[in-house]
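This is protein_38.pdb. It holds PDB, C-alpha atoms.
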ATOM      1  CA  MET G   1     168.165  90.990  49.560
ATOM      2  CA  GLU G   2     167.147  90.163  45.998
ATOM      3  CA  GLU G   3     170.457  88.349  45.423
ATOM      4  CA  GLU G   4     169.959  86.309  48.608
ATOM      5  CA  LYS G   5     166.453  85.334  47.443
ATOM      6  CA  ASP G   6     167.764  84.313  44.021
ATOM      7  CA  LYS G   7     170.488  82.229  45.682
ATOM      8  CA  ILE G   8     167.976  80.401  47.924
ATOM      9  CA  GLU G   9     165.642  79.766  44.969
ATOM     10  CA  LYS G  10     168.545  78.409  42.923
ATOM     11  CA  GLU G  11     169.564  76.086  45.777
ATOM     12  CA  ILE G  12     165.995  74.820  46.151
ATOM     13  CA  SER G  13     165.809  74.295  42.419
ATOM     14  CA  GLU G  14     169.076  72.316  42.435
ATOM     15  CA  ASP G  15     167.832  70.223  45.402
ATOM     16  CA  LEU G  16     164.604  69.459  43.530
ATOM     17  CA  LYS G  17     166.534  68.449  40.443
ATOM     18  CA  GLU G  18     168.662  66.056  42.495
ATOM     19  CA  LEU G  19     165.608  64.602  44.207
ATOM     20  CA  VAL G  20     163.802  63.998  40.919
ATOM     21  CA  ILE G  21     166.911  62.554  39.267
ATOM     22  CA  ALA G  22     167.275  60.135  42.201
ATOM     23  CA  ARG G  23     163.662  59.060  41.702
ATOM     24  CA  LEU G  24     164.100  58.664  37.950
ATOM     25  CA  ASP G  25     167.230  56.642  38.471
ATOM     26  CA  VAL G  26     165.189  53.674  39.713
ATOM     27  CA  PHE G  27     162.932  53.736  36.626
ATOM     28  CA  PRO G  28     163.354  50.670  34.408
ATOM     29  CA  LYS G  29     165.936  51.521  31.742
ATOM     30  CA  ASN G  30     164.338  49.442  29.003
ATOM     31  CA  LYS G  31     160.967  51.236  29.193
ATOM     32  CA  LYS G  32     159.831  54.538  27.718
ATOM     33  CA  ILE G  33     157.529  57.303  28.853
ATOM     34  CA  SER G  34     155.293  59.102  26.399
ATOM     35  CA  ILE G  35     154.738  62.721  27.415
ATOM     36  CA  GLY G  36     152.124  63.909  24.983
ATOM     37  CA  SER G  37     153.362  66.025  22.125
ATOM     38  CA  GLU G  38     156.764  66.374  23.783
ATOM     39  CA  GLY G  39     157.667  62.859  22.617
ATOM     40  CA  ASP G  40     158.831  59.540  24.074
ATOM     41  CA  PHE G  41     161.744  59.309  26.456
ATOM     42  CA  THR G  42     163.952  56.783  28.211
ATOM     43  CA  LYS G  43     164.975  57.525  31.787
ATOM     44  CA  LYS G  44     168.432  58.517  30.592
ATOM     45  CA  GLN G  45     166.960  61.096  28.221
ATOM     46  CA  LEU G  46     164.675  62.459  30.938
ATOM     47  CA  ILE G  47     167.597  62.867  33.333
ATOM     48  CA  GLU G  48     169.479  64.782  30.622
ATOM     49  CA  HIS G  49     166.513  67.120  30.168
ATOM     50  CA  ILE G  50     166.349  67.753  33.906
ATOM     51  CA  LYS G  51     170.050  68.531  34.060
ATOM     52  CA  LYS G  52     169.663  70.936  31.139
ATOM     53  CA  GLY G  53     166.696  72.539  32.884
ATOM     54  CA  ASP G  54     164.633  72.720  29.698
ATOM     55  CA  GLU G  55     160.850  72.572  29.320
ATOM     56  CA  ILE G  56     160.677  68.769  29.360
ATOM     57  CA  GLY G  57     162.904  68.630  32.420
ATOM     58  CA  GLU G  58     160.666  71.120  34.196
ATOM     59  CA  LYS G  59     157.590  69.099  33.267
ATOM     60  CA  ILE G  60     159.064  65.938  34.778
ATOM     61  CA  ILE G  61     159.974  67.813  37.957
ATOM     62  CA  GLU G  62     156.409  69.120  38.126
ATOM     63  CA  ILE G  63     154.947  65.604  37.719
ATOM     64  CA  GLN G  64     157.183  64.164  40.430
ATOM     65  CA  ILE G  65     156.732  67.028  42.896
ATOM     66  CA  ASN G  66     152.987  66.963  42.325
ATOM     67  CA  PHE G  67     152.947  63.285  43.296
ATOM     68  CA  LEU G  68     155.262  63.673  46.305
ATOM     69  CA  LYS G  69     153.160  66.569  47.634
ATOM     70  CA  ALA G  70     149.975  64.496  47.299
ATOM     71  CA  LEU G  71     151.689  61.661  49.155
ATOM     72  CA  LYS G  72     153.047  63.907  51.905
ATOM     73  CA  GLU G  73     149.798  65.819  52.428
ATOM     74  CA  GLY G  74     147.746  62.607  52.528
ATOM     75  CA  LYS G  75     145.779  63.652  49.426
ATOM     76  CA  LEU G  76     146.748  60.522  47.523
ATOM     77  CA  LEU G  77     145.475  58.109  50.169
ATOM     78  CA  GLU G  78     142.385  60.233  50.719
ATOM     79  CA  GLN G  79     141.590  60.061  46.992
ATOM     80  CA  ILE G  80     142.185  56.312  46.840
ATOM     81  CA  ASN G  81     139.944  55.742  49.850
ATOM     82  CA  THR G  82     137.087  57.671  48.274
ATOM     83  CA  SER G  83     136.906  55.491  45.144
ATOM     84  CA  ASP G  84     133.944  53.109  44.663
TER
ATOM     85  CA  MET C   1     121.364  51.743  23.713
ATOM     86  CA  ASP C   2     121.924  53.234  20.274
ATOM     87  CA  GLY C   3     123.584  56.326  18.945
ATOM     88  CA  LEU C   4     126.419  57.407  16.713
ATOM     89  CA  PHE C   5     129.987  57.071  17.899
ATOM     90  CA  PHE C   6     132.748  58.847  15.979
ATOM     91  CA  ILE C   7     136.365  58.074  16.797
ATOM     92  CA  THR C   8     139.616  59.374  15.293
ATOM     93  CA  ARG C   9     142.739  57.205  15.396
ATOM     94  CA  PRO C  10     145.918  58.780  14.037
ATOM     95  CA  LYS C  11     148.915  56.452  13.842
ATOM     96  CA  TYR C  12     152.288  57.975  13.019
ATOM     97  CA  ASP C  13     154.495  57.602  16.104
ATOM     98  CA  ASP C  14     154.807  55.371  19.168
ATOM     99  CA  ALA C  15     152.205  57.234  21.215
ATOM    100  CA  THR C  16     149.557  57.388  18.491
ATOM    101  CA  CYS C  17     150.308  53.765  17.573
ATOM    102  CA  TYR C  18     149.447  52.732  21.137
ATOM    103  CA  LEU C  19     146.305  54.877  21.193
ATOM    104  CA  PHE C  20     145.295  53.437  17.794
ATOM    105  CA  TYR C  21     145.404  49.812  18.947
ATOM    106  CA  TRP C  22     144.057  50.433  22.438
ATOM    107  CA  SER C  23     141.031  52.236  20.965
ATOM    108  CA  GLN C  24     139.972  49.074  19.160
ATOM    109  CA  GLU C  25     138.371  47.658  22.308
ATOM    110  CA  ILE C  26     136.153  50.757  22.515
ATOM    111  CA  ILE C  27     135.069  50.330  18.887
ATOM    112  CA  ASP C  28     134.261  46.671  19.579
ATOM    113  CA  PHE C  29     132.352  47.616  22.728
ATOM    114  CA  ALA C  30     130.374  50.242  20.820
ATOM    115  CA  LYS C  31     129.451  47.828  18.019
ATOM    116  CA  ASN C  32     128.467  45.116  20.491
ATOM    117  CA  ASN C  33     126.220  47.555  22.293
ATOM    118  CA  GLY C  34     124.210  48.827  19.377
ATOM    119  CA  PHE C  35     126.136  51.954  18.469
ATOM    120  CA  ARG C  36     126.810  52.896  14.894
ATOM    121  CA  VAL C  37     130.516  53.566  14.578
ATOM    122  CA  ILE C  38     132.543  55.837  12.325
ATOM    123  CA  SER C  39     136.254  55.238  12.802
ATOM    124  CA  LEU C  40     138.496  57.661  10.948
ATOM    125  CA  ASP C  41     142.016  56.259  10.921
ATOM    126  CA  LYS C  42     145.616  57.214  10.240
ATOM    127  CA  GLU C  43     146.240  59.834   7.486
ATOM    128  CA  ARG C  44     142.531  60.086   6.791
ATOM    129  CA  VAL C  45     142.175  62.127   9.998
ATOM    130  CA  ASP C  46     142.279  65.579   8.388
ATOM    131  CA  LYS C  47     140.381  68.759   9.186
ATOM    132  CA  LYS C  48     138.071  68.688   6.150
ATOM    133  CA  THR C  49     136.955  65.097   6.703
ATOM    134  CA  VAL C  50     136.517  65.540  10.451
ATOM    135  CA  ILE C  51     134.404  68.703  10.100
ATOM    136  CA  ASN C  52     132.345  67.079   7.317
ATOM    137  CA  ILE C  53     131.557  64.075   9.497
ATOM    138  CA  LEU C  54     130.772  66.222  12.528
ATOM    139  CA  VAL C  55     128.431  68.544  10.595
ATOM    140  CA  LYS C  56     126.702  65.890   8.486
ATOM    141  CA  THR C  57     126.232  63.189  11.108
ATOM    142  CA  SER C  58     126.088  65.022  14.481
ATOM    143  CA  PRO C  59     127.572  62.140  16.493
ATOM    144  CA  ASP C  60     126.381  61.590  20.039
ATOM    145  CA  LEU C  61     129.881  60.775  21.219
ATOM    146  CA  VAL C  62     133.142  61.959  19.654
ATOM    147  CA  PHE C  63     136.389  60.381  20.843
ATOM    148  CA  LEU C  64     139.483  62.216  19.611
ATOM    149  CA  ASN C  65     142.818  60.446  19.941
ATOM    150  CA  GLY C  66     146.155  62.016  19.174
ATOM    151  CA  HIS C  67     148.453  64.840  20.023
ATOM    152  CA  GLY C  68     147.338  68.319  20.804
ATOM    153  CA  ASP C  69     147.805  71.420  22.817
ATOM    154  CA  LYS C  70     145.670  73.676  24.955
ATOM    155  CA  ASP C  71     143.932  75.268  21.968
ATOM    156  CA  LYS C  72     144.075  72.531  19.322
ATOM    157  CA  ILE C  73     143.797  68.878  18.413
ATOM    158  CA  ILE C  74     146.144  67.283  15.902
ATOM    159  CA  GLY C  75     145.029  64.754  13.301
ATOM    160  CA  GLY C  76     146.594  62.009  11.240
ATOM    161  CA  LYS C  77     149.810  63.839  10.417
ATOM    162  CA  LYS C  78     152.150  65.790  12.636
ATOM    163  CA  GLU C  79     151.063  69.444  12.767
ATOM    164  CA  GLU C  80     147.768  68.706  10.976
ATOM    165  CA  ILE C  81     145.247  70.635  13.083
ATOM    166  CA  ILE C  82     141.768  69.136  12.893
ATOM    167  CA  LEU C  83     140.028  71.263  15.520
ATOM    168  CA  ASP C  84     141.113  74.423  17.275
ATOM    169  CA  THR C  85     139.786  77.538  18.923
ATOM    170  CA  ASN C  86     139.413  79.248  15.527
ATOM    171  CA  GLU C  87     136.630  76.801  14.683
ATOM    172  CA  LYS C  88     133.197  78.438  15.022
ATOM    173  CA  THR C  89     130.891  75.851  13.414
ATOM    174  CA  ASN C  90     127.956  74.952  15.611
ATOM    175  CA  LEU C  91     128.223  71.215  16.202
ATOM    176  CA  LYS C  92     125.327  69.197  17.521
ATOM    177  CA  ILE C  93     127.499  66.865  19.575
ATOM    178  CA  LYS C  94     126.484  65.637  22.993
ATOM    179  CA  ILE C  95     129.865  64.666  24.385
ATOM    180  CA  ILE C  96     133.502  64.940  23.284
ATOM    181  CA  PHE C  97     136.197  62.853  24.929
ATOM    182  CA  SER C  98     139.581  64.151  23.849
ATOM    183  CA  ARG C  99     142.593  61.967  24.636
ATOM    184  CA  SER C 100     144.795  64.745  23.413
ATOM    185  CA  CYS C 101     147.253  66.631  25.589
ATOM    186  CA  ARG C 102     146.155  69.834  27.316
ATOM    187  CA  SER C 103     143.111  70.238  25.070
ATOM    188  CA  ALA C 104     140.835  70.623  28.092
ATOM    189  CA  LYS C 105     142.608  73.839  28.956
ATOM    190  CA  THR C 106     141.306  76.139  26.217
ATOM    191  CA  PHE C 107     139.741  74.011  23.473
ATOM    192  CA  GLY C 108     137.449  72.244  25.980
ATOM    193  CA  PRO C 109     135.776  75.451  27.207
ATOM    194  CA  HIS C 110     135.661  76.715  23.573
ATOM    195  CA  SER C 111     133.841  73.557  22.447
ATOM    196  CA  ILE C 112     131.183  74.184  25.096
ATOM    197  CA  SER C 113     130.710  77.936  24.686
ATOM    198  CA  ILE C 114     131.218  78.346  20.924
ATOM    199  CA  LEU C 115     130.730  74.959  19.240
ATOM    200  CA  GLY C 116     127.690  74.041  21.314
ATOM    201  CA  VAL C 117     129.007  70.740  22.686
ATOM    202  CA  LYS C 118     127.145  69.764  25.853
ATOM    203  CA  ALA C 119     129.971  68.108  27.775
ATOM    204  CA  PHE C 120     133.706  67.771  27.252
ATOM    205  CA  ILE C 121     136.046  65.330  28.963
ATOM    206  CA  GLY C 122     139.780  65.608  28.442
ATOM    207  CA  TYR C 123     143.174  66.404  29.891
ATOM    208  CA  ASP C 124     144.192  69.889  30.983
ATOM    209  CA  GLU C 125     147.841  68.785  31.009
ATOM    210  CA  ASP C 126     149.988  66.330  29.042
ATOM    211  CA  PHE C 127     148.575  62.799  28.952
ATOM    212  CA  THR C 128     151.456  60.519  29.877
ATOM    213  CA  PHE C 129     151.968  56.783  29.765
ATOM    214  CA  TYR C 130     154.695  54.221  30.221
ATOM    215  CA  TYR C 131     155.275  51.582  27.612
ATOM    216  CA  ASP C 132     157.622  48.810  26.716
ATOM    217  CA  PRO C 133     159.317  49.561  23.350
ATOM    218  CA  GLU C 134     159.690  45.821  22.789
ATOM    219  CA  LYS C 135     155.882  45.645  22.558
ATOM    220  CA  ILE C 136     155.556  48.340  19.908
ATOM    221  CA  PHE C 137     154.320  45.759  17.376
ATOM    222  CA  ARG C 138     151.989  44.193  19.961
ATOM    223  CA  PRO C 139     150.763  47.170  22.037
ATOM    224  CA  LEU C 140     147.803  45.221  23.420
ATOM    225  CA  ASP C 141     150.232  42.816  25.148
ATOM    226  CA  ASP C 142     151.884  45.706  26.976
ATOM    227  CA  LYS C 143     150.746  45.380  30.598
ATOM    228  CA  LEU C 144     152.601  48.542  31.518
ATOM    229  CA  ALA C 145     150.709  50.692  29.007
ATOM    230  CA  GLU C 146     147.490  48.962  30.037
ATOM    231  CA  LEU C 147     147.777  50.574  33.482
ATOM    232  CA  PHE C 148     147.186  53.939  31.787
ATOM    233  CA  LEU C 149     145.135  53.204  28.697
ATOM    234  CA  LYS C 150     142.493  50.935  30.191
ATOM    235  CA  PRO C 151     141.332  53.532  32.764
ATOM    236  CA  SER C 152     141.390  56.228  30.095
ATOM    237  CA  ASN C 153     139.384  54.030  27.692
ATOM    238  CA  TYR C 154     136.793  53.554  30.385
ATOM    239  CA  VAL C 155     135.512  57.110  29.915
ATOM    240  CA  ALA C 156     133.985  56.024  26.592
ATOM    241  CA  VAL C 157     132.875  52.623  27.893
ATOM    242  CA  ALA C 158     131.068  54.176  30.873
ATOM    243  CA  LEU C 159     129.363  56.717  28.621
ATOM    244  CA  MET C 160     128.123  53.904  26.393
ATOM    245  CA  LYS C 161     126.859  52.072  29.463
ATOM    246  CA  GLY C 162     124.591  55.050  30.086
ATOM    247  CA  TYR C 163     126.482  56.931  32.749
ATOM    248  CA  SER C 164     126.588  60.717  32.589
ATOM    249  CA  ALA C 165     129.694  62.618  31.509
ATOM    250  CA  LEU C 166     130.599  63.440  35.099
ATOM    251  CA  GLU C 167     129.958  59.897  36.326
ATOM    252  CA  SER C 168     131.994  58.448  33.458
ATOM    253  CA  ASN C 169     134.914  60.704  34.251
ATOM    254  CA  ASP C 170     134.707  59.621  37.909
ATOM    255  CA  LYS C 171     134.468  55.936  37.004
ATOM    256  CA  SER C 172     137.524  56.227  34.800
ATOM    257  CA  LYS C 173     139.402  58.010  37.585
ATOM    258  CA  ASN C 174     138.428  55.204  39.946
ATOM    259  CA  LEU C 175     140.236  52.755  37.661
ATOM    260  CA  PHE C 176     143.331  54.973  37.774
ATOM    261  CA  LYS C 177     143.024  54.928  41.581
ATOM    262  CA  LYS C 178     142.728  51.150  41.646
ATOM    263  CA  ASN C 179     145.910  50.814  39.593
ATOM    264  CA  ILE C 180     147.723  53.255  41.876
ATOM    265  CA  GLU C 181     146.479  51.334  44.915
ATOM    266  CA  LYS C 182     147.587  48.021  43.413
ATOM    267  CA  LEU C 183     151.096  49.361  42.803
ATOM    268  CA  LEU C 184     151.273  50.903  46.284
ATOM    269  CA  ILE C 185     150.377  47.518  47.785
ATOM    270  CA  GLU C 186     152.917  45.696  45.603
ATOM    271  CA  GLY C 187     155.501  48.230  46.763
ATOM    272  CA  PRO C 188     158.826  49.324  45.282
ATOM    273  CA  SER C 189     159.730  45.749  44.380
ATOM    274  CA  SER C 190     157.123  45.884  41.603
ATOM    275  CA  GLU C 191     158.791  46.653  38.283
ATOM    276  CA  ASN C 192     155.936  49.033  37.480
ATOM    277  CA  TYR C 193     156.027  50.868  40.813
ATOM    278  CA  THR C 194     157.532  54.016  39.311
ATOM    279  CA  ALA C 195     154.499  54.396  37.065
ATOM    280  CA  ILE C 196     152.502  55.654  40.063
ATOM    281  CA  SER C 197     153.513  59.299  39.777
ATOM    282  CA  PHE C 198     152.476  59.380  36.105
ATOM    283  CA  LEU C 199     149.198  57.568  36.776
ATOM    284  CA  TYR C 200     148.439  60.114  39.463
ATOM    285  CA  TRP C 201     149.249  62.946  37.033
ATOM    286  CA  ASP C 202     146.837  61.635  34.385
ATOM    287  CA  MET C 203     144.136  61.020  36.955
ATOM    288  CA  VAL C 204     144.146  64.515  38.467
ATOM    289  CA  HIS C 205     144.348  66.189  35.073
ATOM    290  CA  GLN C 206     141.435  64.287  33.514
ATOM    291  CA  VAL C 207     138.575  66.755  33.754
ATOM    292  CA  CYS C 208     134.933  67.053  32.797
ATOM    293  CA  MET C 209     133.317  70.360  31.845
ATOM    294  CA  GLY C 210     130.003  71.619  30.542
ATOM    295  CA  GLU C 211     126.780  69.862  31.515
ATOM    296  CA  GLY C 212     128.082  66.999  33.634
ATOM    297  CA  LYS C 213     124.670  65.311  33.684
ATOM    298  CA  THR C 214     124.694  64.767  29.902
ATOM    299  CA  THR C 215     124.190  61.143  28.841
ATOM    300  CA  LEU C 216     124.287  59.541  25.396
TER
END

Can the structure in the file be given as structure tokens, please?
Amino acid sequence: MEEEKDKIEKEISEDLKELVIARLDVFPKNKKISIGSEGDFTKKQLIEHIKKGDEIGEKIIEIQINFLKALKEGKLLEQINTSD
Amino acid sequence: MDGLFFITRPKYDDATCYLFYWSQEIIDFAKNNGFRVISLDKERVDKKTVINILVKTSPDLVFLNGHGDKDKIIGGKKEEIILDTNEKTNLKIKIIFSRSCRSAKTFGPHSISILGVKAFIGYDEDFTFYYDPEKIFRPLDDKLAELFLKPSNYVAVALMKGYSALESNDKSKNLFKKNIEKLLIEGPSSENYTAISFLYWDMVHQVCMGEGKTTL
């Protein structure tokens, strides 16, 4: 049971990684992203961090998933429509 | 309007270099609107000097630029902590705006409950922004970075215009929303389209705590 759960979680995690990498792939390659104290990164460097599954990679996944969820759940448009 | 505005501007890497130059428009705005300004720049941003200024001058508005973490704010050199949750000095500051990663998580509440700050605006997660490395010597020409830094700057501008801490945070967030909306309308063909997810991140993690009705 526990093994099955771990396997599903791992598959989801791999799917998320692929999704985020696909999104990052369209980022302009000559630009950089500053992520606070973590440093400044090109898209190639970010993709490497995601593949490695380190802290920076996880942060990027969180940022992207956070945005996609807001888009899917209509929160993004709702927030935009409530601005002055 | 008058009052004392204290700003710190470290400058030792790409991110702080951008924050340094983009903060100039806030200094200019403050001066043009009757505020007295103390700008502490580059390596001069150290703990001793910052605490001295805060204690001796009791600024109405403190704007801290630079790196940080949930419990601390870094100064003019990497790893130089200028303020953290070990600080217990009672500071007679009305409002702190901290453009320093995650500092709204633990340091923000600490500044309200222990340091006596009335309102704190900051980021409870990493502050992110896109930039064009080719513009590193002319950061103010970087339209990509402007998408992030102009809305963030507006917290201080709105405060100086007389809006409350809560209103200023909302007005700044509205500028983030407008930039997101603009990019959504331009669609994926816009070269800056992919900035949306990071703009959204900064917007939702920019928070105001303490007495939201506080004005300068």

(request) Starting from the displayed file, determine the output of the ChimeraX specification (/C :<7) & /G and express the residue list as a VMD selection string. (result) chain G and resid 27 31 to 37 63 to 64 67 80 83 to 84

(message) Report, in Å with one decimal, the straight-line distance from CA of Val117 in chain C to CA of Ala30 in chain C.
(response)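 Those two atoms sit 20.6 Å apart.
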
(request) Pull out every residue that the PyMOL selection byres ((chain G and resi 46) around 9) matches in the shown coordinates and put them as a list in words. (result) Ile21, Leu24, Phe41, Thr42, Lys43, Lys44, Gln45, Ile47, Glu48, His49, Ile50, Lys51, Ile56, Gly57 and Ile60 of chain G

(request) Would you translate the PyMOL selection byres ((chain C and resi 140) around 7) into the concrete set of residues it matches in this file, as a list in words? (result)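 The output of the PyMOL selection byres ((chain C and resi 140) around 7) on this file is Tyr21, Trp22, Arg138, Pro139, Asp141 and Asp142 of chain C.
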
(message) Using all atoms listed in the file, which protein or nucleic acid residues come within 7 Å of range 42-50 of chain C? Drop anything in the same chain fewer than 2 positions from it, and give the result as a PyMOL selection string.
(response) chain C and resi 8-11+40+52-54+75-77+80-83

(request) Please return, as JSON, numbers by chain, all polymer residues that have at least one atom within 12 Å of the point (138.4, 49.4, 20.2); use only C-alpha atoms and the file's own coordinate frame. (result) {"C": [5, 6, 7, 8, 9, 18, 19, 20, 21, 22, 23, 24, 25, 26, 27, 28, 29, 30, 31, 32, 37, 38, 39, 63, 65, 140, 149, 150, 153, 154, 156, 157]}

(request) Calculate how many Å separate CA of Phe120 in chain C from CA of Val155 in chain C, rounding to one decimal. (result)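 For CA of Phe120 in chain C relative to CA of Val155 in chain C, the distance reads 11.1 Å.
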
Taking all atoms of range 142-160 of chain C that appear in the file, build a box with edges along x, y and z, extend it by 6 Å on every side, and state its centre and edge lengths in Å to one decimal, as JSON.
{"center_x": 140.4, "center_y": 51.2, "center_z": 29.9, "size_x": 36.5, "size_y": 23.7, "size_z": 19.1}

(request) Record the distance separating CA of Lys92 in chain C and CA of Leu115 in chain C, expressed in Å with one decimal. (result)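 Going from CA of Lys92 in chain C over to CA of Leu115 in chain C covers 8.1 Å.
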
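Near Leu61 in chain C, within 8 Å and counting all atoms listed in the file, sit Leu4, Phe5, Phe6, Ile93, Lys94, Ile95, Ile96, Phe97 and Leu216 of chain C; same-chain residues fewer than 5 positions away were not included.
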
(request) Just the residues within 12 Å of His110 in chain C, please, counting all atoms listed in the file, with nothing from its chain fewer than 3 positions along; format it as a list in words. (result) Lys70, Asp71, Lys72, Leu83, Asp84, Thr85, Asn86, Glu87, Lys88, Thr89, Asn90, Leu91, Ile96, Ser103, Ala104, Lys105, Thr106, Phe107, Ser113, Ile114, Leu115, Gly116, Val117, Lys118, Ala119, Phe120, Met209 and Gly210 of chain C

(request) Determine, counting only C-alpha atoms, which protein, DNA and RNA residues have an atom within 8 Å of an atom of Thr215 in chain C; residues of the same chain fewer than 3 positions away are not included. Present the result as an MDAnalysis selection string. (result) chainID C and resid 94 159 162:165

Completion step: range 64-80 of chain G with N, CA, C and O atoms as a compact mmCIF listing (two decimals), in the frame of the given file:
# COMPACT_ATOMS: atom_id res chain seq x y z
N GLN G 64 156.67 64.85 39.24
CA GLN G 64 157.18 64.16 40.43
C GLN G 64 156.85 64.92 41.72
O GLN G 64 156.44 64.31 42.71
N ILE G 65 157.01 66.23 41.70
CA ILE G 65 156.73 67.03 42.90
C ILE G 65 155.24 66.99 43.22
O ILE G 65 154.83 66.89 44.37
N ASN G 66 154.43 67.04 42.17
CA ASN G 66 152.99 66.96 42.32
C ASN G 66 152.60 65.67 43.06
O ASN G 66 151.77 65.66 43.98
N PHE G 67 153.24 64.58 42.67
CA PHE G 67 152.95 63.28 43.30
C PHE G 67 153.45 63.26 44.74
O PHE G 67 152.73 62.84 45.65
N LEU G 68 154.69 63.72 44.95
CA LEU G 68 155.26 63.67 46.30
C LEU G 68 154.46 64.54 47.28
O LEU G 68 154.26 64.17 48.43
N LYS G 69 153.98 65.69 46.78
CA LYS G 69 153.16 66.57 47.63
C LYS G 69 151.85 65.87 48.02
O LYS G 69 151.42 65.92 49.17
N ALA G 70 151.24 65.20 47.04
CA ALA G 70 149.98 64.50 47.30
C ALA G 70 150.19 63.38 48.31
O ALA G 70 149.35 63.12 49.18
N LEU G 71 151.35 62.75 48.22
CA LEU G 71 151.69 61.66 49.16
C LEU G 71 151.92 62.23 50.55
O LEU G 71 151.37 61.73 51.54
N LYS G 72 152.69 63.29 50.62
CA LYS G 72 153.05 63.91 51.90
C LYS G 72 151.81 64.50 52.61
O LYS G 72 151.63 64.34 53.81
N GLU G 73 150.96 65.15 51.83
CA GLU G 73 149.80 65.82 52.43
C GLU G 73 148.62 64.87 52.65
O GLU G 73 147.57 65.28 53.10
N GLY G 74 148.80 63.60 52.31
CA GLY G 74 147.75 62.61 52.53
C GLY G 74 146.65 62.64 51.47
O GLY G 74 145.66 61.92 51.56
N LYS G 75 146.81 63.52 50.46
CA LYS G 75 145.78 63.65 49.43
C LYS G 75 145.63 62.38 48.60
O LYS G 75 144.53 61.98 48.23
N LEU G 76 146.76 61.73 48.34
CA LEU G 76 146.75 60.52 47.52
C LEU G 76 145.91 59.42 48.19
O LEU G 76 145.02 58.84 47.57
N LEU G 77 146.21 59.17 49.47
CA LEU G 77 145.48 58.11 50.17
C LEU G 77 144.00 58.48 50.33
O LEU G 77 143.12 57.63 50.21
N GLU G 78 143.77 59.76 50.58
CA GLU G 78 142.38 60.23 50.72
C GLU G 78 141.61 59.97 49.43
O GLU G 78 140.49 59.47 49.45
N GLN G 79 142.25 60.27 48.28
CA GLN G 79 141.59 60.06 46.99
C GLN G 79 141.35 58.58 46.72
O GLN G 79 140.30 58.19 46.21
N ILE G 80 142.33 57.75 47.07
CA ILE G 80 142.18 56.31 46.84
C ILE G 80 141.05 55.76 47.70
O ILE G 80 140.24 54.95 47.24
